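S.K.: This is run_37.cif, which holds mmCIF, C-alpha atoms:
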data_work
loop_
_atom_site.label_atom_id
_atom_site.label_comp_id
_atom_site.auth_asym_id
_atom_site.auth_seq_id
_atom_site.Cartn_x
_atom_site.Cartn_y
_atom_site.Cartn_z
CA MET A 96 -113.11 -48.70 -27.87
CA GLN A 97 -116.39 -49.08 -29.68
CA TRP A 98 -117.95 -45.86 -30.91
CA THR A 99 -121.14 -47.35 -32.36
CA TRP A 100 -123.39 -45.83 -29.67
CA PHE A 101 -121.93 -42.47 -30.56
CA HIS A 102 -122.81 -42.85 -34.22
CA LYS A 103 -126.31 -44.01 -33.41
CA PHE A 104 -126.81 -40.86 -31.35
CA ALA A 105 -125.51 -38.86 -34.29
CA SER A 106 -128.23 -40.12 -36.61
CA PRO A 107 -130.72 -37.32 -37.35
CA LYS A 108 -133.56 -39.82 -37.77
CA TRP A 109 -132.89 -41.39 -34.37
CA PHE A 110 -132.61 -37.93 -32.75
CA TYR A 111 -135.89 -36.86 -34.34
CA GLN A 112 -137.72 -39.93 -33.10
CA ILE A 113 -136.33 -39.94 -29.55
CA THR A 114 -136.90 -36.20 -29.00
CA GLY A 115 -140.44 -36.61 -30.36
CA LYS A 116 -141.09 -39.07 -27.54
CA ILE A 117 -139.55 -37.11 -24.65
CA LEU A 118 -140.51 -33.56 -25.71
CA PRO A 119 -144.15 -33.58 -24.47
CA PHE A 120 -143.08 -34.83 -21.04
CA LEU A 121 -140.17 -32.37 -20.88
CA ALA A 122 -142.32 -29.43 -22.01
CA TRP A 123 -144.92 -30.04 -19.28
CA LEU A 124 -142.23 -30.47 -16.63
CA THR A 125 -140.66 -27.17 -17.76
CA PHE A 126 -144.03 -25.42 -17.66
CA PHE A 127 -144.78 -26.59 -14.11
CA LEU A 128 -141.31 -25.77 -12.79
CA LEU A 129 -141.41 -22.26 -14.27
CA VAL A 130 -144.93 -21.60 -12.95
CA ILE A 131 -144.06 -22.90 -9.47
CA GLY A 132 -140.76 -21.00 -9.45
CA LEU A 133 -142.36 -17.73 -10.58
CA VAL A 134 -145.29 -17.97 -8.14
CA LEU A 135 -142.96 -18.78 -5.23
CA GLY A 136 -140.34 -16.24 -6.26
CA LEU A 137 -142.63 -13.33 -7.09
CA GLY A 138 -145.44 -14.09 -4.64
CA TYR A 139 -144.16 -15.96 -1.63
CA ALA A 140 -140.45 -15.26 -1.20
CA PRO A 141 -139.85 -12.45 1.31
CA ALA A 142 -138.71 -9.06 0.05
CA ASP A 143 -135.06 -8.20 0.55
CA ALA A 144 -134.28 -6.05 3.60
CA LYS A 145 -132.33 -3.49 1.56
CA GLN A 146 -133.54 -3.80 -2.03
CA GLY A 147 -137.20 -4.46 -1.28
CA ASN A 148 -139.15 -6.05 -4.10
CA SER A 149 -136.78 -5.01 -6.88
CA PHE A 150 -134.49 -7.94 -6.02
CA ARG A 151 -137.18 -10.29 -7.38
CA ILE A 152 -135.90 -9.79 -10.91
CA ILE A 153 -133.12 -12.16 -9.80
CA TYR A 154 -135.57 -14.99 -10.58
CA ILE A 155 -135.27 -14.19 -14.30
CA HIS A 156 -131.89 -12.45 -14.44
CA VAL A 157 -129.75 -15.18 -12.85
CA PRO A 158 -131.30 -18.26 -14.55
CA SER A 159 -131.19 -16.51 -17.92
CA ASN A 160 -127.51 -15.66 -17.56
CA PHE A 161 -126.74 -19.18 -16.30
CA LEU A 162 -128.15 -20.53 -19.55
CA ALA A 163 -126.40 -17.89 -21.66
CA LEU A 164 -123.08 -19.25 -20.31
CA ALA A 165 -123.98 -22.97 -20.25
CA GLY A 166 -125.54 -22.67 -23.72
CA TYR A 167 -122.30 -21.22 -25.06
CA PHE A 168 -120.33 -24.22 -23.77
CA LEU A 169 -122.90 -26.55 -25.33
CA MET A 170 -122.64 -24.69 -28.65
CA ALA A 171 -118.82 -24.82 -28.65
CA ILE A 172 -118.70 -28.50 -27.67
CA ALA A 173 -121.23 -29.35 -30.40
CA GLY A 174 -119.06 -27.40 -32.84
CA ALA A 175 -115.93 -29.29 -31.74
CA ILE A 176 -117.70 -32.66 -32.12
CA GLY A 177 -118.82 -31.59 -35.58
CA LEU A 178 -115.28 -30.62 -36.54
CA ILE A 179 -113.60 -33.76 -35.18
CA TRP A 180 -116.11 -36.45 -36.15
CA ARG A 181 -117.71 -34.59 -39.08
CA ILE A 182 -121.13 -35.24 -37.59
CA LYS A 183 -123.70 -33.05 -39.30
CA LEU A 184 -126.17 -33.31 -36.43
CA ALA A 185 -123.57 -31.77 -34.09
CA PHE A 186 -123.18 -28.81 -36.45
CA TRP A 187 -126.95 -28.37 -36.56
CA VAL A 188 -127.11 -28.36 -32.75
CA MET A 189 -124.41 -25.66 -32.78
CA LYS A 190 -126.25 -23.67 -35.45
CA CYS A 191 -129.55 -23.83 -33.52
CA ALA A 192 -127.90 -23.00 -30.17
CA ALA A 193 -126.65 -19.59 -31.43
CA PRO A 194 -129.98 -17.71 -31.77
CA ILE A 195 -131.27 -19.30 -28.54
CA GLY A 196 -128.12 -18.10 -26.79
CA ILE A 197 -128.64 -14.60 -28.21
CA VAL A 198 -132.14 -14.50 -26.69
CA PHE A 199 -131.01 -15.72 -23.24
CA THR A 200 -128.10 -13.24 -23.21
CA LEU A 201 -130.39 -10.38 -24.25
CA VAL A 202 -132.91 -11.29 -21.55
CA GLY A 203 -130.03 -11.37 -19.05
CA LEU A 204 -128.76 -7.94 -20.15
CA LEU A 205 -132.21 -6.32 -20.24
CA THR A 206 -133.31 -7.68 -16.84
CA GLY A 207 -129.93 -6.55 -15.51
CA SER A 208 -130.73 -3.06 -16.75
CA LEU A 209 -134.13 -3.14 -15.05
CA TRP A 210 -132.48 -4.31 -11.84
CA GLY A 211 -129.63 -1.83 -12.05
CA LYS A 212 -131.75 1.32 -12.30
CA PRO A 213 -133.61 1.01 -8.96
CA THR A 214 -130.68 -0.47 -7.02
CA TRP A 215 -127.43 0.96 -8.41
CA GLY A 216 -128.97 4.06 -9.92
CA SER A 217 -127.96 3.31 -13.51
CA PHE A 218 -129.30 1.22 -16.40
CA TRP A 219 -125.86 0.28 -17.63
CA VAL A 220 -122.28 0.50 -16.33
CA TRP A 221 -119.06 -0.59 -18.01
CA ASP A 222 -117.87 -2.84 -15.21
CA ALA A 223 -116.04 -6.10 -15.97
CA ARG A 224 -119.10 -8.33 -15.55
CA GLY A 225 -121.41 -6.23 -17.73
CA THR A 226 -118.79 -5.68 -20.42
CA SER A 227 -117.77 -9.36 -20.65
CA MET A 228 -121.47 -10.26 -20.87
CA LEU A 229 -121.87 -7.82 -23.77
CA ILE A 230 -118.86 -9.49 -25.46
CA LEU A 231 -120.67 -12.82 -25.03
CA LEU A 232 -123.66 -11.36 -26.90
CA PHE A 233 -121.36 -10.25 -29.74
CA LEU A 234 -119.74 -13.71 -29.85
CA TYR A 235 -123.16 -15.34 -30.14
CA VAL A 236 -124.12 -12.89 -32.91
CA GLY A 237 -120.77 -13.64 -34.61
CA VAL A 238 -121.30 -17.41 -34.50
CA TYR A 239 -124.87 -16.93 -35.73
CA SER A 240 -124.00 -14.73 -38.68
CA LEU A 241 -120.71 -16.40 -39.65
CA GLY A 242 -122.49 -19.74 -39.98
CA ARG A 243 -124.99 -18.20 -42.37
CA SER A 244 -122.62 -16.13 -44.50
CA PHE A 245 -121.14 -18.84 -46.74
CA HIS A 246 -122.51 -20.27 -49.97
CA SER A 247 -121.77 -23.77 -48.80
CA ALA A 248 -123.54 -24.54 -45.54
CA ASN A 249 -120.70 -26.84 -44.49
CA SER A 250 -118.00 -24.13 -44.79
CA GLY A 251 -120.11 -21.82 -42.68
CA GLU A 252 -120.57 -24.48 -40.04
CA LYS A 253 -116.83 -25.17 -39.84
CA ALA A 254 -115.94 -21.48 -39.60
CA SER A 255 -118.51 -20.70 -36.93
CA ALA A 256 -117.49 -23.81 -34.98
CA PHE A 257 -113.95 -22.43 -34.72
CA LEU A 258 -115.26 -19.03 -33.63
CA ALA A 259 -117.45 -20.73 -31.01
CA ILE A 260 -114.45 -22.71 -29.69
CA VAL A 261 -112.19 -19.64 -29.50
CA GLY A 262 -114.97 -17.69 -27.77
CA THR A 263 -115.16 -20.15 -24.87
CA VAL A 264 -112.21 -18.34 -23.23
CA ASN A 265 -114.68 -15.55 -22.42
CA ILE A 266 -116.84 -17.81 -20.22
CA PRO A 267 -114.42 -18.22 -17.27
CA ILE A 268 -113.65 -14.48 -17.56
CA ILE A 269 -117.36 -13.65 -17.13
CA TYR A 270 -117.60 -16.08 -14.23
CA LYS A 271 -114.50 -14.81 -12.40
CA SER A 272 -114.77 -11.11 -13.37
CA VAL A 273 -116.36 -10.13 -10.05
CA ASP A 274 -113.44 -11.71 -8.16
CA TRP A 275 -110.60 -10.49 -10.40
CA TRP A 276 -111.63 -6.86 -10.56
CA PHE A 277 -113.57 -4.31 -8.55
CA THR A 278 -117.00 -4.30 -10.18
CA LEU A 279 -120.36 -2.78 -9.45
CA HIS A 280 -121.79 -6.28 -9.67
CA GLN A 281 -121.85 -8.12 -6.37
CA ARG A 282 -119.96 -11.38 -5.96
CA ALA A 283 -121.53 -14.81 -6.50
CA THR A 284 -124.42 -15.69 -4.19
CA ILE A 285 -124.52 -19.34 -5.25
CA LYS A 286 -121.12 -20.96 -4.74
CA PHE A 287 -119.79 -24.45 -5.29
CA THR A 288 -117.87 -24.47 -2.03
CA SER A 289 -120.31 -23.09 0.52
CA ALA A 290 -123.98 -22.50 1.24
CA PRO A 291 -125.70 -19.73 -0.74
CA SER A 292 -125.64 -16.33 0.95
CA MET A 293 -129.38 -16.08 0.59
CA HIS A 294 -132.31 -16.92 2.86
CA PRO A 295 -133.68 -20.43 2.03
CA ASP A 296 -137.15 -19.00 1.32
CA MET A 297 -135.54 -16.87 -1.39
CA PHE A 298 -133.08 -19.50 -2.57
CA TYR A 299 -135.40 -22.45 -3.30
CA PRO A 300 -137.56 -20.54 -5.81
CA LEU A 301 -134.32 -19.44 -7.50
CA LEU A 302 -133.12 -23.05 -7.65
CA ILE A 303 -136.46 -24.13 -9.18
CA MET A 304 -136.19 -21.33 -11.74
CA ILE A 305 -132.62 -22.34 -12.67
CA VAL A 306 -133.65 -25.99 -13.21
CA GLY A 307 -136.72 -24.75 -15.10
CA PHE A 308 -134.58 -22.56 -17.36
CA TYR A 309 -132.22 -25.49 -18.08
CA LEU A 310 -135.22 -27.56 -19.16
CA LEU A 311 -136.68 -24.64 -21.12
CA TYR A 312 -133.37 -24.38 -22.96
CA ALA A 313 -133.41 -28.12 -23.70
CA VAL A 314 -137.00 -27.95 -25.01
CA VAL A 315 -136.35 -24.92 -27.24
CA LEU A 316 -133.09 -26.40 -28.57
CA MET A 317 -134.75 -29.75 -29.36
CA LEU A 318 -137.59 -27.99 -31.21
CA ALA A 319 -135.12 -25.92 -33.23
CA VAL A 320 -132.90 -28.92 -34.08
CA ARG A 321 -135.96 -30.97 -35.11
CA ALA A 322 -137.01 -28.20 -37.50
CA GLU A 323 -133.44 -28.00 -38.84
CA ILE A 324 -133.38 -31.79 -39.38
CA LEU A 325 -136.59 -31.68 -41.42
CA VAL A 326 -135.18 -28.94 -43.65
CA ARG A 327 -131.73 -30.46 -44.13
CA GLU A 328 -132.91 -34.06 -44.53
CA ARG A 329 -135.85 -33.15 -46.77
CA LYS A 330 -134.56 -35.31 -49.61
CA THR A 331 -134.33 -38.48 -47.54
CA ASN A 332 -137.03 -41.11 -47.67
CA TRP A 333 -137.91 -41.03 -43.99
CA VAL A 334 -138.59 -37.29 -43.98
CA ARG A 335 -140.61 -37.55 -47.21
CA THR A 336 -142.83 -40.31 -45.82
CA LEU A 337 -143.11 -38.41 -42.49
CA VAL A 338 -144.23 -35.20 -44.17
CA LEU A 339 -146.50 -36.79 -46.77
CA LYS A 340 -148.12 -39.09 -44.25
CA MET B 114 -109.60 -43.00 -32.11
CA HIS B 115 -109.03 -42.67 -35.84
CA PRO B 116 -105.70 -40.88 -36.55
CA ILE B 117 -107.36 -38.13 -38.62
CA ARG B 118 -109.87 -37.43 -35.88
CA LYS B 119 -107.11 -37.44 -33.32
CA GLN B 120 -105.26 -34.86 -35.36
CA ARG B 121 -108.37 -32.68 -35.64
CA LEU B 122 -108.84 -32.91 -31.88
CA GLN B 123 -105.21 -31.85 -31.37
CA ILE B 124 -105.67 -28.87 -33.69
CA ILE B 125 -108.77 -27.78 -31.77
CA LEU B 126 -106.96 -28.12 -28.43
CA LEU B 127 -104.07 -26.10 -29.84
CA VAL B 128 -106.46 -23.36 -31.03
CA LEU B 129 -108.03 -23.34 -27.59
CA LEU B 130 -104.60 -23.16 -25.93
CA PHE B 131 -103.54 -20.16 -28.01
CA ALA B 132 -106.90 -18.43 -27.48
CA THR B 133 -106.48 -18.94 -23.72
CA LEU B 134 -102.93 -17.59 -23.88
CA ALA B 135 -104.09 -14.52 -25.79
CA ALA B 136 -106.92 -13.90 -23.35
CA GLY B 137 -104.57 -14.49 -20.42
CA LEU B 138 -102.10 -11.91 -21.75
CA ILE B 139 -104.89 -9.38 -22.29
CA ILE B 140 -106.15 -9.92 -18.74
CA TYR B 141 -102.59 -9.65 -17.40
CA VAL B 142 -101.97 -6.37 -19.23
CA LEU B 143 -105.38 -4.96 -18.30
CA GLY B 144 -104.72 -5.80 -14.67
CA GLN B 145 -105.99 -3.10 -12.35
CA ASN B 146 -107.02 -0.90 -15.29
CA ALA B 147 -110.14 -3.00 -15.71
CA ASN B 148 -111.30 -2.12 -12.21
CA PHE B 149 -114.58 -0.24 -12.14
CA PHE B 150 -113.39 2.13 -9.40
CA TYR B 151 -110.43 3.22 -7.32
CA THR B 152 -110.28 2.67 -3.57
CA PRO B 153 -109.70 5.64 -1.21
CA SER B 154 -106.28 4.05 -0.40
CA GLN B 155 -105.23 4.23 -4.05
CA ILE B 156 -106.27 7.89 -4.16
CA LYS B 157 -104.33 8.61 -0.96
CA ASN B 158 -101.22 6.94 -2.44
CA ASP B 159 -101.59 9.03 -5.64
CA GLU B 160 -102.16 5.93 -7.80
CA TYR B 161 -104.39 7.81 -10.24
CA ARG B 162 -104.18 10.38 -13.02
CA LYS B 163 -104.56 13.91 -11.68
CA GLY B 164 -107.38 15.99 -13.10
CA SER B 165 -109.10 13.12 -14.89
CA THR B 166 -112.62 11.94 -14.25
CA LEU B 167 -112.59 8.74 -12.20
CA ARG B 168 -114.71 6.59 -9.94
CA VAL B 169 -114.00 6.03 -6.27
CA GLY B 170 -115.76 3.26 -4.39
CA GLY B 171 -116.05 2.49 -0.71
CA MET B 172 -118.25 2.30 2.34
CA VAL B 173 -120.20 5.42 3.31
CA VAL B 174 -118.89 6.38 6.75
CA GLU B 175 -121.47 6.48 9.52
CA ASP B 176 -122.71 9.99 10.45
CA SER B 177 -120.72 11.49 7.57
CA ILE B 178 -123.72 12.38 5.37
CA LYS B 179 -124.40 16.11 5.42
CA ARG B 180 -127.42 17.55 3.62
CA PHE B 181 -128.25 21.18 2.92
CA ASP B 182 -131.59 22.96 3.01
CA GLU B 183 -133.17 24.05 -0.28
CA THR B 184 -130.63 22.22 -2.48
CA LEU B 185 -129.96 18.62 -3.41
CA ALA B 186 -126.30 19.04 -2.42
CA VAL B 187 -124.92 16.34 -0.16
CA GLU B 188 -121.52 15.63 1.36
CA PHE B 189 -120.30 12.29 2.63
CA THR B 190 -117.09 10.34 3.25
CA LEU B 191 -116.09 7.07 1.62
CA THR B 192 -113.66 4.61 3.19
CA ASP B 193 -112.07 1.25 2.43
CA GLY B 194 -111.00 0.78 6.04
CA ASN B 195 -107.58 2.42 5.58
CA ALA B 196 -108.15 5.77 3.90
CA PHE B 197 -110.98 8.29 3.61
CA ILE B 198 -112.15 10.56 0.84
CA ALA B 199 -114.72 13.35 1.06
CA VAL B 200 -117.33 13.47 -1.70
CA VAL B 201 -119.45 16.45 -2.71
CA PHE B 202 -122.47 15.71 -4.87
CA ASP B 203 -125.35 17.78 -6.17
CA GLY B 204 -127.98 15.44 -7.55
CA ILE B 205 -130.34 12.57 -6.87
CA LEU B 206 -128.92 9.70 -4.84
CA PRO B 207 -130.00 6.11 -5.55
CA ASP B 208 -132.51 4.58 -3.11
CA LEU B 209 -129.97 2.13 -1.72
CA PHE B 210 -127.52 4.87 -0.79
CA ALA B 211 -127.08 4.76 3.00
CA GLU B 212 -124.53 4.89 5.80
CA ASN B 213 -122.42 1.73 6.13
CA GLU B 214 -123.39 0.71 2.60
CA ALA B 215 -121.08 0.69 -0.41
CA ALA B 216 -121.29 3.53 -2.92
CA ILE B 217 -119.34 4.54 -6.01
CA ALA B 218 -118.87 8.21 -6.90
CA THR B 219 -117.81 9.43 -10.37
CA GLY B 220 -116.11 12.79 -10.60
CA VAL B 221 -112.92 14.86 -10.45
CA ILE B 222 -110.64 15.16 -7.44
CA LYS B 223 -109.87 18.76 -6.51
CA ASP B 224 -106.53 19.89 -5.10
CA SER B 225 -108.20 20.04 -1.71
CA GLY B 226 -108.62 16.26 -1.93
CA GLU B 227 -112.38 16.38 -2.28
CA LEU B 228 -114.15 14.44 -5.02
CA ILE B 229 -116.65 16.62 -6.87
CA ALA B 230 -119.05 13.93 -8.06
CA SER B 231 -121.27 14.04 -11.11
CA GLN B 232 -122.86 10.66 -10.39
CA VAL B 233 -123.24 8.47 -7.33
CA LEU B 234 -124.11 4.77 -7.65
CA ALA B 235 -125.05 2.38 -4.85
CA LYS B 236 -123.40 -1.05 -4.70
CA HIS B 237 -125.21 -3.88 -2.97
CA ASP B 238 -123.67 -7.12 -1.73
CA GLU B 239 -124.43 -10.73 -2.59
CA ASN B 240 -126.43 -11.36 0.59
CA TYR B 241 -130.21 -11.46 0.45
CA THR B 242 -132.16 -11.45 3.71
CA PRO B 243 -135.83 -10.90 4.61
CA PRO B 244 -136.42 -7.64 6.56
CA GLU B 245 -137.85 -9.48 9.60
CA LEU B 246 -134.58 -11.36 10.04
CA ILE B 247 -132.56 -8.14 9.98
CA GLU B 248 -134.89 -6.53 12.54
CA THR B 249 -134.60 -9.55 14.83
CA MET B 250 -130.83 -9.59 14.50
CA ASP B 251 -130.61 -5.86 15.16
CA TYR B 252 -132.88 -6.29 18.19
CA LEU B 253 -130.75 -9.13 19.55
CA LYS B 254 -127.61 -7.11 19.00
CA SER B 255 -129.03 -4.04 20.76
CA THR B 256 -130.24 -6.03 23.78
CA ASN B 257 -126.91 -7.83 24.06
CA TYR B 258 -125.13 -4.54 23.85
CA LYS B 259 -127.24 -3.01 26.61
CA ASN B 260 -126.76 -6.02 28.90
CA LYS B 261 -123.01 -5.57 28.72
#
Could the structure of this file be written out as structure tokens, please?
M.R.:
Amino acid sequence: MQWTWFHKFASPKWFYQITGKILPFLAWLTFFLLVIGLVLGLGYAPADAKQGNSFRIIYIHVPSNFLALAGYFLMAIAGAIGLIWRIKLAFWVMKCAAPIGIVFTLVGLLTGSLWGKPTWGSFWVWDARGTSMLILLFLYVGVYSLGRSFHSANSGEKASAFLAIVGTVNIPIIYKSVDWWFTLHQRATIKFTSAPSMHPDMFYPLLIMIVGFYLLYAVVLMLAVRAEILVRERKTNWVRTLVLK
Amino acid sequence: MHPIRKQRLQIILLVLLFATLAAGLIIYVLGQNANFFYTPSQIKNDEYRKGSTLRVGGMVVEDSIKRFDETLAVEFTLTDGNAFIAVVFDGILPDLFAENEAAIATGVIKDSGELIASQVLAKHDENYTPPELIETMDYLKSTNYKNK
């Protein structure tokens, strides 16, 4: 099997050039999706019969947590690719994904708090979903700080890649926690096997927000990796000519 | 695949396997202890530690909510369909607390079998519906009921 395409994709210069071309388009698409999703979700979707308007925080809470989980998988897979093929770009993707993941997890936890107070009656409870989500935040912080706590950047990247890989076992636990245990969190509204248990007028804005958050994640990650490339490749000719131009 | 890379992949898969095993064992040992609340059936069958503070969750039984004048005290019954438990609470209930809705009470169970709660939380389900739809459905149900 030929792996040349793989190595081309792993070239920082190629990554920098291709993301430079698609980023403007992607950023505008993200902006429009998020604006449409927020306007529809906050302005036009009907209020919930029981929760009233407080359910609307779902339009931030759920997409943010989706990306906290998906971003962790991406970070661990990038780490594994870096370990197996010794591709520096993969390590940089992993390194940049950690702080972004921290932000998405924090947004998920904080919006959950704001949702919990008016509905449950408490800002925070130690149920299985909330606790496993907090562990995810600590894993992200661990990957972030472990990668930056070595003299040699490469040792740090290898160590944090292993931590990221081990931490992936937490993701299915978070996902299944509401089915395995009695929790205060409700079960999944959006399921792979059946229609969402949500009125379509409420569901479509949520779907737009989820797609928008995926794109937002991609845009932020690309920007961060591009910055990392410029720093790490600063001694190469192409970066020198790019910067001095 | 290059043999060295293959070996690295195998090591990573092995690490992942052992991490999964470790997590699996932890989950197995945690078992029911990781539940956020007990059900009224578990309380009835004495599957809890006497005298300790615990949470009991269930559906608030219809017409079971009793309020008292001049105090915040409230009494209600929780059920999981099989067993019932009476709850006494003196405090502010969450907005979503209602009959036929799920609630979770934290407190100590007295010898009389009552739960003296220090906190009551409301649990909502994963269904989201506009109010008009609920009204229409309730209306249809009530007319159907009367016709029979």
S.K.: Counting only C-alpha atoms, which residue out of B:Gly170, B:Pro244, B:Gly194, B:Pro207 sits closest to Thr219 (chain B)?
M.R.: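 Between B:Gly170, B:Pro244, B:Gly194, B:Pro207, the residue approaching Thr219 (chain B) most closely is B:Gly170.
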S.K.: Taking only residues of chain B that have an atom at most 8 Å from an atom of chain A, what is each one's shortest atom pair and its distance in Å to one decimal, using only C-alpha atoms, in chain and number order, as JSON lines?
M.R.:
{"residue": "B:Met114", "atom": "CA", "partner": "A:Met96", "partner_atom": "CA", "distance": 7.9}
{"residue": "B:Arg118", "atom": "CA", "partner": "A:Ile179", "partner_atom": "CA", "distance": 5.3}
{"residue": "B:Lys119", "atom": "CA", "partner": "A:Ile179", "partner_atom": "CA", "distance": 7.7}
{"residue": "B:Arg121", "atom": "CA", "partner": "A:Ile179", "partner_atom": "CA", "distance": 5.4}
{"residue": "B:Leu122", "atom": "CA", "partner": "A:Ile179", "partner_atom": "CA", "distance": 5.9}
{"residue": "B:Ile125", "atom": "CA", "partner": "A:Ala175", "partner_atom": "CA", "distance": 7.3}
{"residue": "B:Val128", "atom": "CA", "partner": "A:Val261", "partner_atom": "CA", "distance": 7.0}
{"residue": "B:Leu129", "atom": "CA", "partner": "A:Val261", "partner_atom": "CA", "distance": 5.9}
{"residue": "B:Ala132", "atom": "CA", "partner": "A:Val261", "partner_atom": "CA", "distance": 5.8}
{"residue": "B:Thr133", "atom": "CA", "partner": "A:Val264", "partner_atom": "CA", "distance": 5.8}
{"residue": "B:Ala136", "atom": "CA", "partner": "A:Val264", "partner_atom": "CA", "distance": 6.9}
{"residue": "B:Gln145", "atom": "CA", "partner": "A:Trp276", "partner_atom": "CA", "distance": 7.0}
{"residue": "B:Ala147", "atom": "CA", "partner": "A:Trp276", "partner_atom": "CA", "distance": 6.6}
{"residue": "B:Asn148", "atom": "CA", "partner": "A:Phe277", "partner_atom": "CA", "distance": 4.8}
{"residue": "B:Phe149", "atom": "CA", "partner": "A:Thr278", "partner_atom": "CA", "distance": 5.1}
{"residue": "B:Phe150", "atom": "CA", "partner": "A:Phe277", "partner_atom": "CA", "distance": 6.5}
{"residue": "B:Leu206", "atom": "CA", "partner": "A:Gly216", "partner_atom": "CA", "distance": 7.6}
{"residue": "B:Pro207", "atom": "CA", "partner": "A:Gly216", "partner_atom": "CA", "distance": 4.9}
{"residue": "B:Asp208", "atom": "CA", "partner": "A:Thr214", "partner_atom": "CA", "distance": 6.6}
{"residue": "B:Leu209", "atom": "CA", "partner": "A:Thr214", "partner_atom": "CA", "distance": 5.9}
{"residue": "B:Val233", "atom": "CA", "partner": "A:Gly216", "partner_atom": "CA", "distance": 7.7}
{"residue": "B:Leu234", "atom": "CA", "partner": "A:Trp215", "partner_atom": "CA", "distance": 5.1}
{"residue": "B:Ala235", "atom": "CA", "partner": "A:Trp215", "partner_atom": "CA", "distance": 4.5}
{"residue": "B:Lys236", "atom": "CA", "partner": "A:Trp215", "partner_atom": "CA", "distance": 5.8}
{"residue": "B:His237", "atom": "CA", "partner": "A:Gln281", "partner_atom": "CA", "distance": 6.4}
{"residue": "B:Asp238", "atom": "CA", "partner": "A:Gln281", "partner_atom": "CA", "distance": 5.1}
{"residue": "B:Glu239", "atom": "CA", "partner": "A:Thr284", "partner_atom": "CA", "distance": 5.2}
{"residue": "B:Asn240", "atom": "CA", "partner": "A:Ser292", "partner_atom": "CA", "distance": 5.0}
{"residue": "B:Tyr241", "atom": "CA", "partner": "A:Met293", "partner_atom": "CA", "distance": 4.7}
{"residue": "B:Thr242", "atom": "CA", "partner": "A:Asp143", "partner_atom": "CA", "distance": 5.4}
{"residue": "B:Pro243", "atom": "CA", "partner": "A:Asp143", "partner_atom": "CA", "distance": 4.9}
{"residue": "B:Pro244", "atom": "CA", "partner": "A:Ala144", "partner_atom": "CA", "distance": 4.0}
{"residue": "B:Glu245", "atom": "CA", "partner": "A:Ala144", "partner_atom": "CA", "distance": 7.8}
{"residue": "B:Ile247", "atom": "CA", "partner": "A:Ala144", "partner_atom": "CA", "distance": 6.9}
S.K.: Work out how far apart CA of Glu227 (chain B) and CA of Val200 (chain B) are and give it in Å to one decimal.
M.R.: 5.8 Å
S.K.: Distance CA of Leu209 (chain A)-CA of Ala216 (chain B), one decimal place?
M.R.: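 Rounded to one decimal, the two atoms are 18.9 Å apart.
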S.K.: Write out as a list of chain:residue names which residues come within 7 Å of Pro300 (chain A) when counting only C-alpha atoms, dropping same-chain ones fewer than 2 positions away.
M.R.: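 These residues fall inside the cut-off: A:Gly132, A:Leu135, A:Gly136, A:Met297, A:Phe298, A:Leu302, A:Ile303, A:Met304.
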S.K.: Kindly export the residues of the current selection with C-alpha atoms, as a CSV table (one decimal), in the coordinates of the input.
M.R.:
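File written: again.csv
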chain,number,residue,atom,x,y,z
A,132,GLY,CA,-140.8,-21.0,-9.4
A,135,LEU,CA,-143.0,-18.8,-5.2
A,136,GLY,CA,-140.3,-16.2,-6.3
A,297,MET,CA,-135.5,-16.9,-1.4
A,298,PHE,CA,-133.1,-19.5,-2.6
A,302,LEU,CA,-133.1,-23.0,-7.6
A,303,ILE,CA,-136.5,-24.1,-9.2
A,304,MET,CA,-136.2,-21.3,-11.7
S.K.: If I take CA of Asp176 (chain B) and CA of Glu212 (chain B), how far is one from the other in Å, to one decimal?
M.R.: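 Computing the Euclidean distance for CA of Asp176 (chain B) and CA of Glu212 (chain B) yields 7.1 Å.
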S.K.: Kindly resolve the PyMOL selection byres ((chain B and resi 214) around 6) on the present coordinates and return the residues as number ranges by chain.
M.R.: B: 172-173, 211-213, 215
S.K.: Could you check the closest approach to Gly220 (chain B) for each of B:Pro116, B:Gly164, B:Pro153, B:Gly137 and tell me which residue wins, using all atoms listed in the file?
M.R.: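 Counting all atoms listed in the file, the residue closest to Gly220 (chain B) is B:Gly164.
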S.K.: Name the closest residue to Phe197 (chain B) among the candidates B:Ile156, B:Leu130, B:Ile217, B:Ala135; distances are taken between atoms, counting all atoms listed in the file.
M.R.: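 Selected residue with least distance to Phe197 (chain B): B:Ile156.
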S.K.: Applied to this file, what does the PyMOL selection byres ((chain A and resi 254) around 12) return in terms of residues, put as a PyMOL selection string?
M.R.: chain A and resi 171+174-175+177-178+186+189-190+237-245+247-253+255-261
S.K.: Which is closest to Ser154 (chain B) among B:Asp193, B:Asp182, B:Val187, B:Phe202, if we use all atoms listed in the file?
M.R.: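 Among the listed residues, B:Asp193 lies closest to Ser154 (chain B).
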S.K.: Around region 187-197 of chain A, fit a box with edges along x, y and z, padding it by 3 Å on each side, then list its centre and edge lengths in Å to one decimal as JSON.
M.R.:
{"center_x": -127.8, "center_y": -21.5, "center_z": -31.7, "size_x": 12.9, "size_y": 19.8, "size_z": 15.8}
S.K.: Choose the residue, out of A:Pro158, A:Cys191, A:Ala165, A:Phe120, that has the smallest atom-to-atom separation from Leu316 (chain A); count all atoms listed in the file.
M.R.: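 Once distances to Leu316 (chain A) are computed over all atoms listed in the file, the minimum belongs to A:Cys191.
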